[in-house]
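Participant: I'm passing along structure_15.cif; it holds mmCIF, C-alpha atoms and all ligand atoms.
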data_input
loop_
_atom_site.label_atom_id
_atom_site.label_comp_id
_atom_site.auth_asym_id
_atom_site.auth_seq_id
_atom_site.Cartn_x
_atom_site.Cartn_y
_atom_site.Cartn_z
CA ALA A 1 0.00 0.00 0.00
CA GLN A 2 3.11 2.15 -0.10
CA SER A 3 2.17 3.46 -3.55
CA VAL A 4 -1.06 4.96 -2.24
CA TRP A 5 -0.70 8.72 -2.31
CA GLY A 6 -0.71 10.73 0.89
CA TYR A 7 1.07 13.62 2.58
CA ASP A 8 4.12 11.85 4.02
CA SER A 9 7.67 12.17 2.69
CA GLU A 10 7.49 8.89 0.79
CA ASN A 11 4.05 9.37 -0.80
CA GLY A 12 3.48 13.14 -0.57
CA PRO A 13 2.89 15.96 -3.13
CA GLU A 14 6.43 15.71 -4.58
CA HIS A 15 5.70 12.08 -5.57
CA TRP A 16 2.12 12.38 -6.85
CA HIS A 17 3.18 12.97 -10.49
CA GLU A 18 4.79 9.50 -10.56
CA ASN A 19 1.33 7.89 -10.57
CA TYR A 20 -0.78 10.92 -11.55
CA PRO A 21 0.92 12.81 -14.42
CA MET A 22 -1.69 15.60 -14.30
CA ALA A 23 -0.06 16.71 -11.04
CA LYS A 24 2.57 18.44 -13.22
CA GLY A 25 -0.01 20.25 -15.39
CA ASP A 26 -0.20 23.96 -16.19
CA LYS A 27 -3.39 24.64 -14.24
CA GLN A 28 -2.72 23.04 -10.87
CA SER A 29 -4.12 24.06 -7.47
CA PRO A 30 -3.68 25.43 -4.90
CA ILE A 31 -1.93 28.69 -5.78
CA GLU A 32 -0.72 31.75 -3.96
CA ILE A 33 -2.95 34.78 -4.63
CA ASN A 34 -1.08 38.10 -4.77
CA SER A 35 -3.53 41.01 -4.61
CA LYS A 36 -1.25 43.08 -6.88
CA ASP A 37 -1.76 40.57 -9.73
CA VAL A 38 -5.53 40.15 -9.21
CA GLN A 39 -7.86 41.72 -11.83
CA HIS A 40 -11.15 43.17 -10.58
CA ASP A 41 -13.89 41.97 -12.95
CA SER A 42 -17.05 44.10 -12.60
CA SER A 43 -18.92 41.63 -14.83
CA LEU A 44 -18.61 38.90 -12.16
CA SER A 45 -22.06 38.44 -10.56
CA ALA A 46 -22.77 37.27 -7.03
CA TRP A 47 -22.75 33.54 -6.36
CA HIS A 48 -25.76 31.89 -4.74
CA ALA A 49 -25.99 28.62 -2.82
CA SER A 50 -29.42 27.07 -2.31
CA TYR A 51 -28.82 23.97 -0.26
CA ASP A 52 -31.42 21.52 1.08
CA PRO A 53 -30.44 20.52 4.66
CA GLY A 54 -32.11 17.17 3.96
CA ALA A 55 -29.44 16.39 1.34
CA ALA A 56 -26.77 15.83 3.99
CA LYS A 57 -26.14 12.10 4.44
CA THR A 58 -22.97 11.04 6.27
CA ILE A 59 -19.66 12.26 7.67
CA LEU A 60 -16.55 10.15 7.25
CA ASN A 61 -12.83 9.96 7.96
CA ASN A 62 -11.13 8.54 4.85
CA GLY A 63 -7.68 8.75 6.41
CA ARG A 64 -6.91 11.94 4.45
CA THR A 65 -9.67 14.33 5.48
CA CYS A 66 -13.00 14.63 7.24
CA ARG A 67 -15.74 14.65 4.59
CA VAL A 68 -19.51 15.27 4.65
CA VAL A 69 -21.34 13.63 1.75
CA PHE A 70 -24.59 14.93 0.22
CA ASP A 71 -27.29 13.42 -2.02
CA ASP A 72 -26.40 14.70 -5.51
CA THR A 73 -28.78 12.46 -7.50
CA PHE A 74 -30.80 15.52 -8.57
CA ASP A 75 -30.65 19.34 -8.34
CA ARG A 76 -31.29 19.35 -4.62
CA SER A 77 -28.43 21.46 -3.24
CA VAL A 78 -27.00 23.75 -5.90
CA LEU A 79 -24.54 26.58 -6.42
CA ARG A 80 -25.11 29.10 -9.21
CA GLY A 81 -24.01 32.55 -10.35
CA GLY A 82 -20.59 34.11 -9.86
CA PRO A 83 -18.29 32.82 -12.64
CA LEU A 84 -20.56 29.81 -13.23
CA THR A 85 -23.03 29.06 -16.01
CA GLY A 86 -25.90 26.93 -14.79
CA ALA A 87 -26.47 25.13 -11.50
CA TYR A 88 -23.73 22.93 -9.99
CA ARG A 89 -24.74 20.16 -7.56
CA LEU A 90 -23.20 19.98 -4.08
CA ARG A 91 -21.51 16.56 -3.71
CA GLN A 92 -19.32 16.81 -0.61
CA LEU A 93 -17.44 19.12 1.69
CA HIS A 94 -14.13 18.45 3.43
CA LEU A 95 -11.25 20.28 5.08
CA HIS A 96 -7.47 20.70 4.96
CA TRP A 97 -5.63 21.74 8.11
CA GLY A 98 -2.21 22.06 9.72
CA SER A 99 -0.43 20.77 12.82
CA ALA A 100 -0.43 24.34 14.22
CA ASP A 101 -2.56 27.47 13.80
CA ASP A 102 -0.02 29.28 11.56
CA HIS A 103 -0.50 26.95 8.58
CA GLY A 104 -2.91 24.41 7.12
CA SER A 105 -4.73 26.15 4.27
CA GLU A 106 -3.97 25.17 0.69
CA HIS A 107 -4.41 28.54 -0.99
CA VAL A 108 -2.16 31.29 0.36
CA ILE A 109 -3.30 34.93 0.27
CA ASP A 110 -0.55 37.58 0.07
CA GLY A 111 1.75 35.26 1.99
CA VAL A 112 -0.88 34.44 4.63
CA LYS A 113 -1.54 30.77 5.42
CA TYR A 114 -4.75 30.14 7.37
CA ALA A 115 -5.18 27.40 9.98
CA ALA A 116 -7.52 25.45 7.71
CA GLU A 117 -9.48 25.59 4.46
CA LEU A 118 -13.01 24.26 3.89
CA HIS A 119 -13.88 23.00 0.39
CA LEU A 120 -17.46 22.60 -0.87
CA VAL A 121 -17.31 20.49 -4.03
CA HIS A 122 -20.00 20.91 -6.72
CA TRP A 123 -20.28 19.38 -10.22
CA ASN A 124 -22.00 20.38 -13.44
CA PRO A 125 -24.89 17.99 -14.21
CA LYS A 126 -24.74 18.85 -17.92
CA HIS A 127 -21.86 16.33 -18.00
CA GLY A 128 -24.11 13.48 -16.85
CA ASN A 129 -22.28 12.37 -13.72
CA PHE A 130 -19.34 13.33 -11.50
CA ALA A 131 -16.91 11.06 -13.38
CA GLY A 132 -17.90 12.76 -16.64
CA ALA A 133 -17.60 16.21 -15.09
CA LEU A 134 -13.99 15.50 -14.05
CA LYS A 135 -13.02 15.40 -17.74
CA GLN A 136 -14.45 18.85 -18.52
CA PRO A 137 -12.88 22.27 -17.89
CA ASP A 138 -16.27 23.51 -16.59
CA GLY A 139 -17.04 20.26 -14.81
CA VAL A 140 -16.51 21.14 -11.15
CA ALA A 141 -16.81 24.22 -8.92
CA VAL A 142 -15.24 24.32 -5.47
CA VAL A 143 -16.01 27.06 -2.94
CA GLY A 144 -13.07 27.58 -0.58
CA VAL A 145 -13.57 29.13 2.86
CA PHE A 146 -10.57 30.01 5.05
CA LEU A 147 -10.63 29.18 8.76
CA LYS A 148 -8.71 31.27 11.26
CA VAL A 149 -8.42 30.74 14.99
CA GLY A 150 -10.16 33.47 16.97
CA LYS A 151 -12.21 34.29 20.01
CA THR A 152 -15.67 34.43 18.42
CA PRO A 153 -15.97 30.96 16.87
CA LYS A 154 -18.82 30.21 14.50
CA PRO A 155 -21.30 28.01 16.37
CA GLU A 156 -22.17 26.27 13.08
CA MET A 157 -18.69 24.68 12.86
CA LYS A 158 -19.60 22.99 16.17
CA ARG A 159 -21.90 20.54 14.41
CA ILE A 160 -19.12 19.12 12.21
CA LEU A 161 -16.56 19.14 15.01
CA GLU A 162 -18.91 17.44 17.49
CA GLU A 163 -19.28 14.53 15.06
CA ILE A 164 -15.51 14.08 14.99
CA ASP A 165 -15.59 11.95 18.15
CA ASN A 166 -17.54 9.32 16.16
CA ILE A 167 -15.12 9.18 13.21
CA LYS A 168 -11.72 9.25 14.95
CA THR A 169 -10.08 6.60 12.79
CA LYS A 170 -9.79 5.90 9.07
CA GLY A 171 -12.86 4.27 7.56
CA LYS A 172 -15.22 5.44 10.29
CA GLU A 173 -18.49 6.90 9.02
CA ALA A 174 -21.49 8.30 10.89
CA PRO A 175 -24.91 9.61 9.86
CA PHE A 176 -24.86 13.37 9.36
CA GLN A 177 -28.26 14.76 8.52
CA HIS A 178 -30.25 17.97 8.56
CA PHE A 179 -27.24 20.14 7.86
CA ASP A 180 -27.16 23.26 5.67
CA PRO A 181 -23.50 24.07 4.93
CA SER A 182 -24.36 27.61 3.83
CA ILE A 183 -24.37 28.53 7.51
CA LEU A 184 -20.56 28.15 7.31
CA PHE A 185 -20.25 31.05 4.84
CA PRO A 186 -18.88 34.37 6.13
CA LYS A 187 -20.93 37.59 5.94
CA SER A 188 -19.16 38.96 2.86
CA ARG A 189 -19.78 37.37 -0.56
CA ASP A 190 -16.50 38.79 -1.94
CA TYR A 191 -14.48 36.18 -3.78
CA TRP A 192 -11.52 35.45 -6.05
CA THR A 193 -11.96 33.04 -8.94
CA TYR A 194 -9.52 31.22 -11.21
CA HIS A 195 -9.31 27.96 -13.16
CA GLY A 196 -7.43 25.11 -11.54
CA SER A 197 -7.40 21.51 -10.40
CA PHE A 198 -8.20 19.13 -7.60
CA THR A 199 -5.56 19.59 -4.91
CA THR A 200 -5.27 15.84 -4.52
CA PRO A 201 -4.62 13.05 -7.04
CA PRO A 202 -5.67 12.54 -9.80
CA CYS A 203 -5.38 16.39 -9.92
CA GLU A 204 -7.74 16.86 -12.89
CA GLU A 205 -7.82 20.46 -14.18
CA CYS A 206 -11.60 20.74 -14.16
CA ILE A 207 -12.23 23.19 -11.36
CA THR A 208 -13.59 26.72 -11.27
CA TRP A 209 -12.31 27.85 -7.88
CA ILE A 210 -14.38 30.38 -5.91
CA LEU A 211 -12.34 31.47 -2.87
CA LEU A 212 -14.13 33.63 -0.29
CA ARG A 213 -12.12 36.61 0.85
CA GLU A 214 -13.48 36.73 4.42
CA PRO A 215 -12.30 33.92 6.68
CA ILE A 216 -14.59 32.36 9.31
CA GLU A 217 -13.41 31.97 12.90
CA VAL A 218 -12.98 28.75 14.82
CA SER A 219 -11.84 28.32 18.44
CA PRO A 220 -8.51 26.83 19.49
CA ASP A 221 -10.49 23.90 20.92
CA GLN A 222 -12.24 23.32 17.59
CA MET A 223 -8.89 23.23 15.78
CA ALA A 224 -7.58 20.80 18.39
CA ARG A 225 -10.59 18.55 17.70
CA LEU A 226 -9.84 18.55 13.98
CA ARG A 227 -6.23 17.62 14.78
CA SER A 228 -7.44 14.77 16.99
CA LEU A 229 -8.51 12.81 13.91
CA SER A 230 -6.28 9.88 13.01
CA LYS A 231 -4.96 8.68 9.64
CA ASN A 232 -4.73 5.15 10.98
CA GLY A 233 -7.50 2.59 11.23
CA GLU A 234 -8.80 1.32 14.58
CA ASN A 235 -6.28 -0.85 16.46
CA GLU A 236 -3.40 0.48 14.29
CA PRO A 237 -0.55 2.63 15.64
CA LEU A 238 -1.72 6.20 16.24
CA CYS A 239 -0.95 8.55 13.36
CA PRO A 240 -2.47 12.04 13.70
CA LEU A 241 -4.32 13.35 10.65
CA VAL A 242 -2.71 16.77 10.27
CA ASP A 243 -0.98 18.72 7.46
CA ASN A 244 -3.22 17.28 4.72
CA TRP A 245 -2.56 20.29 2.46
CA ARG A 246 -0.80 20.53 -0.91
CA PRO A 247 1.83 23.27 -1.30
CA VAL A 248 1.08 26.10 -3.77
CA GLN A 249 1.63 25.29 -7.45
CA PRO A 250 2.93 27.45 -10.36
CA VAL A 251 0.36 30.02 -11.57
CA LYS A 252 1.75 29.72 -15.16
CA GLY A 253 0.19 32.92 -16.42
CA ARG A 254 -3.32 32.26 -15.14
CA ILE A 255 -5.47 35.31 -14.32
CA VAL A 256 -7.09 35.48 -10.90
CA ARG A 257 -10.20 37.67 -10.96
CA ALA A 258 -11.78 39.39 -7.97
CA SER A 259 -15.48 40.17 -7.55
CA PHE A 260 -14.48 43.17 -5.41
CA LYS A 261 -12.24 46.23 -5.78
N1 LIG A 301 -9.25 19.44 -2.41
S1 LIG A 301 -10.25 19.41 -3.63
O1 LIG A 301 -11.48 20.13 -3.31
O2 LIG A 301 -9.56 19.90 -4.82
C1 LIG A 301 -10.72 17.79 -3.92
C2 LIG A 301 -9.91 16.72 -4.00
C3 LIG A 301 -10.60 15.51 -4.27
C4 LIG A 301 -11.93 15.68 -4.34
S2 LIG A 301 -13.09 14.50 -4.66
O3 LIG A 301 -13.22 13.65 -3.53
O4 LIG A 301 -14.29 15.21 -5.04
C5 LIG A 301 -12.56 13.54 -5.99
C6 LIG A 301 -12.07 14.17 -7.11
C7 LIG A 301 -11.64 13.39 -8.19
C8 LIG A 301 -11.70 12.01 -8.13
C9 LIG A 301 -12.20 11.41 -6.97
C10 LIG A 301 -12.62 12.18 -5.89
S3 LIG A 301 -12.31 17.29 -4.12
ZN ZN A 302 -9.97 20.08 -0.73
#
Rewrite the structure of this file - the entire thing - as structure tokens.
Ligand SMILES: NS(=O)(=O)c1ccc(S(=O)(=O)c2ccccc2)s1
Ligand SMILES: [Zn+2]
Facilitator:
Amino acid sequence: AQSVWGYDSENGPEHWHENYPMAKGDKQSPIEINSKDVQHDSSLSAWHASYDPGAAKTILNNGRTCRVVFDDTFDRSVLRGGPLTGAYRLRQLHLHWGSADDHGSEHVIDGVKYAAELHLVHWNPKHGNFAGALKQPDGVAVVGVFLKVGKTPKPEMKRILEEIDNIKTKGKEAPFQHFDPSILFPKSRDYWTYHGSFTTPPCEECITWILLREPIEVSPDQMARLRSLSKNGENEPLCPLVDNWRPVQPVKGRIVRASFK
């Protein structure tokens, strides 16, 4: 199982291209966003999420992240507007985080690394199914929300972090219902958008990234809970699930647009 990709020195981001050649593509994610290079695009409209809380199904630890899965068999929870054409279906959300509060996010903003980054993954049903959408440049849309440690934590994060006790080890899954992830969004709708890839293998370049400028706050205790997840399965040696983030990739001339001045 050595060849399975991960975030350790022997199977981490520097090795991914050996089994997943797209990892060395020209439109890889994450990237560093430098405000001086960003182009304000006044034609960018607001994005809108209309999620059905009943679409939430389960929460799981797959040994690489904590993921909440939604029913995406019809247009039940959708994202539209912003840089997107049409309605994209919410499929799952997951997080990337660090071993300490000063790093953990995948995208870096003007040199700032946040403690964690939340990804809400949506796909374009015009491509039939998720597998088909992965092969299209407009196949997938991911909303990224930065998490920073502060004193006024968002109570809504509590719900996800309370479930963590039930999915401590790899392969654990628990029911996770009646959850509307739009409560995790910050007040401001301001965003950056650019074209990139999945930040994990197979690294397909099918993503319209929508990164929210305003971070949400979590408490030190909530970050500690996230870091209490394990990569290992039950009854295996303890291996903390932390630092599941990919370093920034070359921008290669891509334009990052901002919805705000
Ligand atoms: N961090 S990220 O949002 O870019 C991301 C990585 C992987 C996924 S996926 O689980 O949807 C997936 C994607 C492709 C094939 C299988 C699963 S989403
Ligand atoms: Zn992600």
Participant: Let me see if you get this right: every residue at most 12 Å from ligand ZN 302 (chain A), counting only C-alpha atoms and all ligand atoms, written as a PyMOL selection string.
Facilitator: chain A and resi 29-30+64-68+92-97+104-107+116-122+141-146+197-201+203+207+209+211+244-246
Participant: Which one is closest to A:Pro250: A:Gly139, A:Gly6, A:Pro220, A:Gly25? Count all atoms listed in the file.
Facilitator: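 Answer, going by the shortest atom-to-atom distance: A:Gly25.
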Participant: Let me make sure I understand: among A:Phe130, A:Arg257, A:Leu212, A:Ala115, which one has the smallest atom-to-atom distance to A:Ala224 if we use only C-alpha atoms?
Facilitator: A:Ala115
Participant: Any idea what's packed within 10 Å of A:Met157, counting only C-alpha atoms, ignoring anything in its chain fewer than 3 positions away? Could you give it as a PyMOL selection string?
Facilitator: chain A and resi 153-154+160-162+181+183-184+216-219+222
Participant: Please tabulate, as a Markdown table, the residues of stretch 106-199 of chain A that come within 8 Å of stretch 40-53 of chain A, each with its closest pair of atoms and the distance in Å to one decimal, counting all atoms listed in the file and ordering rows by chain, then residue number upward.
Facilitator:
| residue | atom | partner | partner_atom | distance |
| --- | --- | --- | --- | --- |
| A:Gln177 | CA | A:Pro53 | CA | 7.3 |
| A:His178 | CA | A:Pro53 | CA | 4.7 |
| A:Phe179 | CA | A:Pro53 | CA | 4.5 |
| A:Asp180 | CA | A:Pro53 | CA | 4.4 |
| A:Pro181 | CA | A:Tyr51 | CA | 7.4 |
| A:Ser182 | CA | A:Ala49 | CA | 6.9 |
| A:Arg189 | CA | A:Ala46 | CA | 7.1 |
Participant: For A:Ile59, which residue among A:Lys170, A:Arg80, A:His127, A:His195 is the nearest when counting all atoms listed in the file?
Facilitator: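 So, comparing all the options, the nearest one is A:Lys170.
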Participant: Hey, which of A:Glu205, A:Asp243, A:Glu32, A:Glu234 ends up closest to ligand LIG 301 (chain A)? Count all atoms listed in the file.
Facilitator: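 Under the stated criterion, the closest residue is A:Glu205.
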Participant: Interatomic distance between atom CA of A:Arg225 and atom CA of A:Val69?
Facilitator: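 About the pair atom CA of A:Arg225 and atom CA of A:Val69: they are 19.9 Å apart.
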Participant: Atom CA of A:Ala87 and atom CA of A:Asp138 are how many Å apart?
Facilitator: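 Here the two named atoms are 11.5 Å from each other.
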Participant: Between atom CA of A:Ser77 and atom CA of A:Ile167, what is the distance, to one decimal in Å?
Facilitator: 24.5 Å
